[in-house]
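Okay, structure first, notes after.
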Amino acid sequence: MKIQSVLMTATLVLSALFSIANGSSDALAEDARIIKVEIQDHTFTPDRIEVAAGETFILEVSNRDPLPEEFESMALHIEKVIAGHTDGKIRINGLEAGEYAFIGEFHADQANGVIVVK
Amino acid sequence: MIAALIIVFREVLEAALVISIVLSSTRGLPGVGRWVSAGIAAGVVGAAIVAQFAGVISDTLNGYGQEIFNACVLLLAVAMLAWHTIWMSTHGRQMVTELRSVGDTVRSGGRPLYALALVVGLAVLREGSEVVLFLYGLAASDGGFGPAILGGSAGLALGVVVGAVLYLGLLRIPTGKIFSITNWMIILLAAGMAAQAMNFLAAAGFVTLGPTLWDSSFLLSESSILGKILHTLIGYIERPTVLHLIVYIGTIGLITGTTRLVSNSQQKKPVSG
């Protein structure tokens, strides 16, 4: 009956993790600068976003196209699908100085942008 | 049409690879075809539903519904892969020595094929919902119906071909080795998924990824087809962070450690069926 005890332990660990997650749900409360970005004709406007090092900010991405777009940045470990004619927000916690590229994965040849952190 | 083909192919690829691994790790077992088909079918239906409610999902949980949903889907798949691997360690030994007995074990209420069917369903659900969303948007736009149908089916076919190539490659592995090889593939699949889940938890504000360890994008871009394949198979991340590495190694350690514990305790007592 080892499996049962393993499962019990796993359940306990998971529920503990879950309550930690719940406890920190105030992390979802927003108090950061909002930067609006638009997707139209598969391009980002603005396509260059400047922020200060260490600043937490929220990208509010409005997709004006009928097609969905996947906002993706390998540098930031972000992938978020934004359906046609909807908005999506992406919170980014304090970054070190540098340049962080992002793309619209569904139209990677046109949809390019960069976040410049100074 | 080419654009639609490429996008659908890239999305289908991951699910196709997961299905190949599951199929080759369970090959020859009675009922596998039915379980995997049921997983795919449920995944497709789920994908359509998720795509339909994409806006609602996105807006819930203070705008982080999509991230939390993706994290849950990935972690549930990880749990199922772990459960299957641990279960196998209690019965796998007999199976390797006498493959024919496998059928009996399954019939006697043994091997949890539902766990792997769920993994298949979740993979199809996650990738499929993006495909549905994209193709629906394309079909609804001017002159997009033809390209959506053609590009969509061509992309799907191409994804299935890559999955089939992996499956046929794995079929060539001798029976004696297939168990340990597919077992490791499943463990690495789980570790990669667990690490990827951290991206979504971090995006929703639950965890912090920590500093980046290295950047190997100049060697292999994660957006390339090969990068995407390795991302699925072994969890390749071009710019991994401390948390990615901890979760990746931790998942491998947890599964292999539990496996060893369980199979050791099984060996000590006589096999009771």
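Ordered as shown in the structure tokens, chains take letters A, B, and onward, while each chain numbers its residues from 1 and ligands are numbered from 1 in the order shown.
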Considering only helix (DSSP H, G or I) as DSSP defines it on the backbone, what residues of range 19-117 of chain A qualify? List them as a ChimeraX atom specification. /A:19-28,105-107
Produce a table with one row for each residue of chain A that has an atom at most 6 Å from any atom of chain B, each row naming the nearest atom pair and its distance in Å at one decimal; use only C-alpha atoms; arrange rows by chain and rising residue number; format as JSON lines.
{"residue": "A:Ala27", "atom": "CA", "partner": "B:Gly205", "partner_atom": "CA", "distance": 5.7}
{"residue": "A:Pro66", "atom": "CA", "partner": "B:Gly137", "partner_atom": "CA", "distance": 5.9}
{"residue": "A:Leu67", "atom": "CA", "partner": "B:Gly137", "partner_atom": "CA", "distance": 4.7}
{"residue": "A:Pro68", "atom": "CA", "partner": "B:Phe134", "partner_atom": "CA", "distance": 5.7}
{"residue": "A:His77", "atom": "CA", "partner": "B:Asn199", "partner_atom": "CA", "distance": 5.8}
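Atom pair CA of His91 in chain B / CA of Leu29 in chain B: separated by 13.9 Å.
Between CA of Gly43 in chain B and CA of Ser129 in chain B the interatomic distance comes to 9.0 Å.
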In Å to one decimal, how far is CA of Ser216 in chain B from CA of Glu69 in chain A? 25.9 Å
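The shortest atom-to-atom distance to Ala75 in chain A, with only C-alpha atoms taken into account, belongs to B:Leu213 out of B:Val36, B:Val132, B:Leu213, B:Ile181.
The smallest atom-to-atom distance between His244 in chain B and any of B:Cys72, B:Thr256, B:Gly192, B:Asn264, using only C-alpha atoms, is found for B:Gly192.
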